[in-house]
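Structure first, commentary second.
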Amino acid sequence: MDTSIKLNKLKNLDQSMINALLTSINDLLFIMKVEGDNFIYHYANDQAIKHANLNELEFVGRSIQDVMPSDISKKLIESYHIAKRSKQALWYNDYLLSDGRKLYFETVLSPIINEYGICEFIVSVTRDVTLWTEETNEKLENELRYRSLFEHNLDSIIMLDSNGYIQQTNTSTYHVLGYRDKELRGRHITSLIDRKDTDDLEKVLSSTLLGVSTEIKSTLLLNKNGHYLRSHIKCIPIMLDQDIKGIYLIIRDTTSIQEKENYLFFLSQRDQLTGYYKRDMYTNLMNQSIHDSEILNSGVGLLIVNIDRLKVFNETYGYEIGDYIIEVVSKRITSTVKMTTKRSCPLIRHSGDEFVVIYETKSKDKMKKLAESIIEELKVPIDIPSFDEKVMISSTIGISSYPKDGLSSEIILRNAERALLACKENERGTYSFYDKAYSTLTQKKLNLENLLRQSLERDELEIVYQPQVSLHNNQLIGLEALLRWKHEKLGYIPPSEFIPIAEQSHLIIEIGNWVFKQVAKQIKIWIDKGYDVKKVAVNLSPKQFYTGEIGQHISECLEIYNIPGELLSIEITESSMVNREQTASILQKLKNLKIKIAVDDFGTGYSSLSYIKDFPVDMLKIDRSFIQSVTNDSRNAAIVTTIISLAHSLGIDVIAEGVETTEQIAFLKKKHCLKAQGYYFSKPVSASEIEKIYY
């Protein structure tokens, strides 16, 4: 046979196979030829012709817009253009209504690219996915129905795996047992059951895992607050593909009305977070202990335990972690009290960061031993799982006793608070017994606070300025503004006395704003006199820093007195830099005003060095406590050297404060710290004195 005839037969055979293949495809198949911006029908299989009603049309060689209605052709052409431009397969879903039924389709457009990189054809394959979509929607609807039944059921529902570990709980579980879902996940169900009922529960669970719904008509469940609830439990197997994957427990509280009333009374006495007594219960509990001690001829000790710097942890990690720390602390105090005293003493949540322990003893040594034990136990680091790290906390304790320090519950509490306050001011992380001198000290502070509130109205506050000089040429490079208070009768009151009072009473915000206004006003006076004004530094307290309004207040001061931000510097302590995100935001607002940022008392705080790297800090101030003994204390010398080196490596200025001797100056020059302030150069003086000496 002629070779050319054989080739023609083979070609016809190949074409026949292709036609048979295209015809046998159940999906809708279109092949469109691309001609410019038009898409021309080149081929359609029987299913496609039937679906598109092309039976009676001569569609081959015609464009989509010539064959299909305008609303359909417009959508099709948009999709074809996307496939043509991208030269990649395009998937999309669509639906249409037919005889009142919604039909769903999935389409893929596959561009055919020739050897010149031009899209020559587009193959469209459309599959009817109605059945699959309807099944999926039905499953989703069933899932939503299940979720609604699960979440809104008035009974507690707990889902267990086949080993009895809790996988999930509904909202009602919290109302019945007091535990939130995240607190129960991963716990074994027997941890919630009274020990005498655990054998019965395990038998019922074993039966349920064989595919039989079972129940326990009466069992005792342990609430989070330690109270038992009588409950009815129904166990239902969880079936998936004929396999049992776990168990649903449906729990109904069957506690009697009297039991519920007793339980509600119990809850009314308890702190919601820790489960220990509320503050309101203190008077009753203390009076009962006093009554008992009179009968037994003993005494009563009162310990107030304060969690140091809880506010810092709340700001750093969030209040949820702060609550977690409080829960851990309360449990540690309870266990320590039981272990040390060999008895159960009432524990009261006195405030957000304080607990009260009532210890019936007249032995000061026993109170001391308990306080020391609590302090040591609370030093153990606390794991913070969500942050994968540990936090170190400390505690401070104030102690008073009956009848030595008072004859009523109110006076005993007040004196314990005074002992705590005195201890916190002197040395946190330790304890202090009440002393009568504390009452005098407290009264003095109250009097000073009242006088301080009146100081602004009476014009008793004033600003003095301490020069900052260059060790290179002894020239003035800046000033630090410092606050002084002169009372008409008491005379000058040291800042070490009134600044802490201002901080504690929040007067520091009002006073601090007044300071900024006065400094801005003074800078304007010097500018108007034609002086070469150097920048003036103002100390900013942590409370004032975190009000969120400091940037706006300083901006208003600059605008009112029409002075440049470059002439103002703020000094913040390391303790003001704990909340990284908020600190960064506030400092950036100040930098936008061209204000310089200095870290005061550097090296005495507890913040991370990474803060200095990440924040827009312009200067580090070496604390005077290091400078005073820098020439005779090798450790302080090493610390100062390190701070100077750190500042230089980060491109930050460094200045030493509290400089008083030529030896200190020689040391600083040798270590290349060429800026200083202190009594060697000048004590803080009035604005008029600054003018006489430097301007």
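Residues in the structure tokens are numbered from 1 in each chain, the chains being A, B, ... in the order shown, and ligands are numbered from 1 in the order shown.
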
Next item on the list: Quick one: everything within 8 Å of Ile570 in chain A, counting only C-alpha atoms, minus sequence neighbours fewer than 3 positions away in the same chain. Send it as a list in words.
Entry: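 Counting only C-alpha atoms, the residues come to Ala537, Val538, Asn539, Leu540, Ile595, Lys596, Ile597 and Ala598 of chain A.
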
Prev. selection, N, CA and C atoms, output as a compact mmCIF listing (two decimals), in the first residue's frame:
```
# COMPACT_ATOMS: atom_id res chain seq x y z
N ALA A 537 16.48 70.37 80.24
CA ALA A 537 15.93 69.02 80.48
C ALA A 537 14.90 69.08 81.60
N VAL A 538 13.80 68.37 81.40
CA VAL A 538 12.73 68.29 82.40
C VAL A 538 12.48 66.83 82.73
N ASN A 539 12.41 66.50 84.02
CA ASN A 539 12.12 65.13 84.44
C ASN A 539 10.64 64.81 84.25
N LEU A 540 10.38 63.60 83.76
CA LEU A 540 9.01 63.16 83.50
C LEU A 540 8.73 61.92 84.34
N ILE A 595 12.04 67.05 70.19
CA ILE A 595 12.47 67.03 71.59
C ILE A 595 13.49 65.91 71.80
N LYS A 596 14.53 66.19 72.59
CA LYS A 596 15.54 65.19 72.90
C LYS A 596 15.05 64.28 74.03
N ILE A 597 15.49 63.01 73.98
CA ILE A 597 15.07 62.02 74.98
C ILE A 597 16.30 61.53 75.74
N ALA A 598 16.27 61.65 77.06
CA ALA A 598 17.37 61.15 77.90
C ALA A 598 16.83 60.12 78.89
```

Next item on the list: Considering only C-alpha atoms, return as a list in words whatever protein or nucleic-acid residues lie within 12 Å of Thr547 in chain A, sequence-local ones (same chain, fewer than 3 positions apart) excluded.
Entry: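 Listing them by chain and then by number gives His506, Ile508, Ile509, Glu510, Gly512, Asn513, Leu540, Ser541, Pro542, Lys543, Gln544, Ile550, Gly551, Gln552, His553, Ser576, Gln582, Thr583 and Ile586 of chain A.
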
Checklist line | Surrounding residues of range 194-201 of chain A excluding itself and chain neighbours under 2 positions, 6 Å, only C-alpha atoms, as a VMD selection string | finding: chain A and resid 203 to 204 220

What does the file look like for those residues with N, CA and C atoms, as a compact mmCIF listing (two decimals), in the first residue's frame?
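Ended up saving to out-v9.txt:
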```txt
# COMPACT_ATOMS: atom_id res chain seq x y z
N LYS A 203 -16.78 2.85 84.97
CA LYS A 203 -17.58 1.72 84.45
C LYS A 203 -18.56 2.20 83.38
N VAL A 204 -19.20 3.33 83.66
CA VAL A 204 -20.18 3.89 82.71
C VAL A 204 -19.48 4.31 81.42
N LEU A 220 -21.31 13.44 92.54
CA LEU A 220 -20.84 14.73 93.03
C LEU A 220 -19.74 15.26 92.12
```

Item checked: Non-local contacts of Leu347 in chain A (9 Å; only C-alpha atoms; under 6 positions in same chain excluded) as a PyMOL selection string -> chain A and resi 276-278+330+333-334+355-358

Checklist line | Spatial neighbours of Gly178 in chain A, 9 Å, only C-alpha atoms, chain gap at least 6 places, as a list in words | finding: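 Everything that qualifies: Asn223, Lys224 and Asn225 of chain A.
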
N, CA, C and O atoms of the current selection, written as a CSV table (one decimal), in the first residue's frame:
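Below is the file again.csv, written as the result:
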```csv
chain,number,residue,atom,x,y,z
A,223,ASN,N,-16.9,21.8,91.9
A,223,ASN,CA,-16.8,23.2,91.3
A,223,ASN,C,-15.5,23.8,91.5
A,223,ASN,O,-14.7,23.4,92.3
A,224,LYS,N,-15.1,24.8,90.6
A,224,LYS,CA,-13.8,25.4,90.7
A,224,LYS,C,-13.5,26.0,92.1
A,224,LYS,O,-12.4,26.1,92.5
A,225,ASN,N,-14.6,26.5,92.8
A,225,ASN,CA,-14.4,27.1,94.1
A,225,ASN,C,-14.4,26.1,95.2
A,225,ASN,O,-14.4,26.4,96.4
```

Next item on the list: Pick out the residues sitting within 10 Å of Pro494 in chain A, and hand them over as a PyMOL selection string; count only C-alpha atoms, and ignore anything fewer than 6 positions along from it in its own chain.
Entry: chain A and resi 483-486

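Minimum atom-to-atom distance to Glu417 in chain A, evaluated using only C-alpha atoms, belongs to A:Ile304 out of A:Ile499, A:Ile304, A:Ile393, A:Gly658.
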
Notebook entry, point to check: Can you list every residue in range 306-375 of chain A that DSSP puts in alpha helix (DSSP H), as JSON, numbers by chain?
Noted result: {"A": [310, 311, 312, 313, 314, 315, 316, 317, 319, 320, 321, 322, 323, 324, 325, 326, 327, 328, 329, 330, 331, 332, 333, 334, 335, 336, 337, 338, 339, 340, 341, 364, 365, 366, 367, 368, 369, 370, 371, 372, 373, 374, 375]}

Can I get the selected residues back with C-alpha atoms, as a compact mmCIF listing (two decimals), in the first residue's frame?
```
# COMPACT_ATOMS: atom_id res chain seq x y z
CA LEU A 310 1.83 43.73 89.66
CA LYS A 311 0.93 46.81 87.59
CA VAL A 312 4.13 46.32 85.58
CA PHE A 313 3.18 42.71 84.76
CA ASN A 314 -0.33 43.81 83.75
CA GLU A 315 1.09 46.46 81.41
CA THR A 316 3.74 44.13 79.98
CA TYR A 317 1.80 40.88 79.51
CA TYR A 319 -4.45 41.64 82.52
CA GLU A 320 -5.19 37.99 81.71
CA ILE A 321 -1.62 37.06 82.67
CA GLY A 322 -1.86 39.38 85.67
CA ASP A 323 -4.94 37.45 86.82
CA TYR A 324 -3.05 34.19 86.30
CA ILE A 325 -0.21 35.47 88.53
CA ILE A 326 -2.74 36.42 91.23
CA GLU A 327 -4.25 32.91 91.13
CA VAL A 328 -0.83 31.27 91.44
CA VAL A 329 0.16 33.58 94.30
CA SER A 330 -3.07 32.89 96.22
CA LYS A 331 -2.54 29.12 96.00
CA ARG A 332 1.09 29.43 97.08
CA ILE A 333 0.15 31.55 100.09
CA THR A 334 -2.48 28.99 101.14
CA SER A 335 -0.12 26.03 100.83
CA THR A 336 2.66 27.90 102.65
CA VAL A 337 0.31 28.88 105.50
CA LYS A 338 -0.85 25.26 105.94
CA MET A 339 2.71 23.93 105.84
CA THR A 340 4.13 26.54 108.23
CA THR A 341 1.30 26.88 110.77
CA LYS A 364 5.84 37.19 117.18
CA ASP A 365 8.36 34.51 116.18
CA LYS A 366 5.61 32.44 114.54
CA MET A 367 4.34 35.48 112.61
CA LYS A 368 7.90 36.23 111.54
CA LYS A 369 8.46 32.64 110.40
CA LEU A 370 5.21 32.69 108.37
CA ALA A 371 6.10 36.01 106.71
CA GLU A 372 9.59 34.75 105.79
CA SER A 373 8.13 31.50 104.40
CA ILE A 374 5.60 33.36 102.22
CA ILE A 375 8.25 35.73 100.87
```

Margin query: Counting only C-alpha atoms, which residue out of A:Asp601, A:Glu556, A:Asp243, A:Asp614 sits closest to Glu581 in chain A?
Written below: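 Answer, going by the shortest atom-to-atom distance: A:Asp614.
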
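Atom pair CA of Thr126 in chain A / CA of Asp71 in chain A has a distance of 18.6 Å (rounded to one decimal).
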
Notebook entry, point to check: Taking only C-alpha atoms into account, which of A:Asp280, A:Ser213, A:Gly246, A:Arg127 comes nearest Ile158 in chain A?
Noted result: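 Result for the nearest residue to Ile158 in chain A: A:Gly246.
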
Notebook entry, point to check: For Met239 in chain A, which of A:Leu210, A:Ile627, A:Leu302, A:Val67 is the closest residue, counting only C-alpha atoms?
Noted result: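 Smallest distance to Met239 in chain A is found for A:Leu210.
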
Note to self: So, with only C-alpha atoms as the atoms that count, which of A:Gln466, A:Ser293, A:Ser585, A:Asn636 lies closest to Tyr546 in chain A?
What the structure shows: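 Closest to Tyr546 in chain A of all the choices is A:Ser585.
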
Next item on the list: as a ChimeraX atom specification, please: all residues of range 397-531 of chain A that backbone DSSP puts in strand (DSSP E or B).
Entry: /A:397-402,431-433,461-470,476-487,491-493

Kindly save the residues from that selection, with N, CA and C atoms included, as an mmCIF file, in the first residue's frame.
```
data_model
loop_
_atom_site.group_PDB
_atom_site.id
_atom_site.type_symbol
_atom_site.label_atom_id
_atom_site.label_comp_id
_atom_site.auth_asym_id
_atom_site.auth_seq_id
_atom_site.Cartn_x
_atom_site.Cartn_y
_atom_site.Cartn_z
ATOM 1 N N ILE A 397 5.415 42.455 103.030
ATOM 2 C CA ILE A 397 4.396 42.095 104.023
ATOM 3 C C ILE A 397 4.414 43.077 105.193
ATOM 4 N N GLY A 398 3.215 43.552 105.555
ATOM 5 C CA GLY A 398 3.038 44.362 106.755
ATOM 6 C C GLY A 398 2.299 43.549 107.804
ATOM 7 N N ILE A 399 2.747 43.630 109.076
ATOM 8 C CA ILE A 399 2.191 42.764 110.135
ATOM 9 C C ILE A 399 1.749 43.614 111.326
ATOM 10 N N SER A 400 0.558 43.312 111.828
ATOM 11 C CA SER A 400 0.107 43.876 113.102
ATOM 12 C C SER A 400 -0.576 42.757 113.882
ATOM 13 N N SER A 401 -0.904 43.004 115.160
ATOM 14 C CA SER A 401 -1.488 41.922 115.957
ATOM 15 C C SER A 401 -2.462 42.459 117.000
ATOM 16 N N TYR A 402 -3.344 41.562 117.406
ATOM 17 C CA TYR A 402 -4.287 41.839 118.502
ATOM 18 C C TYR A 402 -3.808 41.085 119.742
ATOM 19 N N TYR A 431 9.595 42.179 105.131
ATOM 20 C CA TYR A 431 8.405 42.359 105.961
ATOM 21 C C TYR A 431 8.714 43.348 107.077
ATOM 22 N N SER A 432 7.635 43.870 107.678
ATOM 23 C CA SER A 432 7.812 44.813 108.777
ATOM 24 C C SER A 432 6.652 44.675 109.752
ATOM 25 N N PHE A 433 6.977 44.661 111.066
ATOM 26 C CA PHE A 433 5.953 44.705 112.100
ATOM 27 C C PHE A 433 5.562 46.164 112.344
ATOM 28 N N LEU A 461 5.592 76.702 94.700
ATOM 29 C CA LEU A 461 6.531 75.882 93.929
ATOM 30 C C LEU A 461 7.409 76.780 93.065
ATOM 31 N N GLU A 462 8.643 76.375 92.853
ATOM 32 C CA GLU A 462 9.550 77.143 92.005
ATOM 33 C C GLU A 462 10.474 76.194 91.243
ATOM 34 N N ILE A 463 11.033 76.718 90.166
ATOM 35 C CA ILE A 463 11.956 75.938 89.327
ATOM 36 C C ILE A 463 13.366 76.470 89.504
ATOM 37 N N VAL A 464 14.310 75.575 89.754
ATOM 38 C CA VAL A 464 15.729 75.934 89.765
ATOM 39 C C VAL A 464 16.423 75.141 88.656
ATOM 40 N N TYR A 465 17.610 75.589 88.289
ATOM 41 C CA TYR A 465 18.291 75.002 87.138
ATOM 42 C C TYR A 465 19.717 74.608 87.516
ATOM 43 N N GLN A 466 20.105 73.372 87.165
ATOM 44 C CA GLN A 466 21.489 72.943 87.405
ATOM 45 C C GLN A 466 22.219 72.861 86.065
ATOM 46 N N PRO A 467 23.356 73.530 85.954
ATOM 47 C CA PRO A 467 24.092 73.543 84.685
ATOM 48 C C PRO A 467 24.644 72.157 84.311
ATOM 49 N N GLN A 468 24.686 71.916 83.035
ATOM 50 C CA GLN A 468 25.377 70.757 82.460
ATOM 51 C C GLN A 468 26.514 71.316 81.610
ATOM 52 N N VAL A 469 27.738 70.831 81.834
ATOM 53 C CA VAL A 469 28.899 71.460 81.198
ATOM 54 C C VAL A 469 29.702 70.450 80.394
ATOM 55 N N SER A 470 30.491 70.991 79.492
ATOM 56 C CA SER A 470 31.422 70.175 78.705
ATOM 57 C C SER A 470 32.739 70.063 79.465
ATOM 58 N N LEU A 476 28.954 75.880 79.131
ATOM 59 C CA LEU A 476 27.587 75.426 79.369
ATOM 60 C C LEU A 476 27.031 74.741 78.120
ATOM 61 N N ILE A 477 26.482 73.536 78.302
ATOM 62 C CA ILE A 477 25.874 72.834 77.160
ATOM 63 C C ILE A 477 24.383 72.568 77.380
ATOM 64 N N GLY A 478 23.898 72.786 78.605
ATOM 65 C CA GLY A 478 22.485 72.549 78.870
ATOM 66 C C GLY A 478 22.158 72.803 80.328
ATOM 67 N N LEU A 479 20.864 72.686 80.648
ATOM 68 C CA LEU A 479 20.391 72.880 82.021
ATOM 69 C C LEU A 479 19.389 71.788 82.361
ATOM 70 N N GLU A 480 19.359 71.410 83.633
ATOM 71 C CA GLU A 480 18.302 70.520 84.094
ATOM 72 C C GLU A 480 17.387 71.301 85.018
ATOM 73 N N ALA A 481 16.082 71.306 84.693
ATOM 74 C CA ALA A 481 15.096 71.990 85.515
ATOM 75 C C ALA A 481 14.694 71.090 86.677
ATOM 76 N N LEU A 482 14.752 71.628 87.893
ATOM 77 C CA LEU A 482 14.432 70.853 89.091
ATOM 78 C C LEU A 482 13.378 71.597 89.914
ATOM 79 N N LEU A 483 12.486 70.834 90.531
ATOM 80 C CA LEU A 483 11.371 71.411 91.274
ATOM 81 C C LEU A 483 11.736 71.603 92.744
ATOM 82 N N ARG A 484 11.347 72.752 93.299
ATOM 83 C CA ARG A 484 11.547 73.017 94.711
ATOM 84 C C ARG A 484 10.231 73.527 95.312
ATOM 85 N N TRP A 485 10.042 73.214 96.607
ATOM 86 C CA TRP A 485 8.819 73.634 97.312
ATOM 87 C C TRP A 485 9.226 74.345 98.601
ATOM 88 N N LYS A 486 8.811 75.595 98.703
ATOM 89 C CA LYS A 486 9.083 76.381 99.914
ATOM 90 C C LYS A 486 7.750 76.757 100.553
ATOM 91 N N HIS A 487 7.471 76.131 101.706
ATOM 92 C CA HIS A 487 6.234 76.426 102.428
ATOM 93 C C HIS A 487 6.467 77.623 103.350
ATOM 94 N N GLY A 491 9.157 76.026 105.573
ATOM 95 C CA GLY A 491 10.384 76.292 104.829
ATOM 96 C C GLY A 491 10.526 75.338 103.648
ATOM 97 N N TYR A 492 11.788 75.132 103.211
ATOM 98 C CA TYR A 492 12.023 74.245 102.071
ATOM 99 C C TYR A 492 11.789 72.788 102.480
ATOM 100 N N ILE A 493 10.981 72.110 101.699
ATOM 101 C CA ILE A 493 10.687 70.685 101.928
ATOM 102 C C ILE A 493 11.440 69.891 100.870
#
```

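Using only C-alpha atoms for every distance, the candidate list A:Ile527, A:Gln677, A:Lys589, A:His51 yields A:Ile527 as the residue closest to Tyr561 in chain A.
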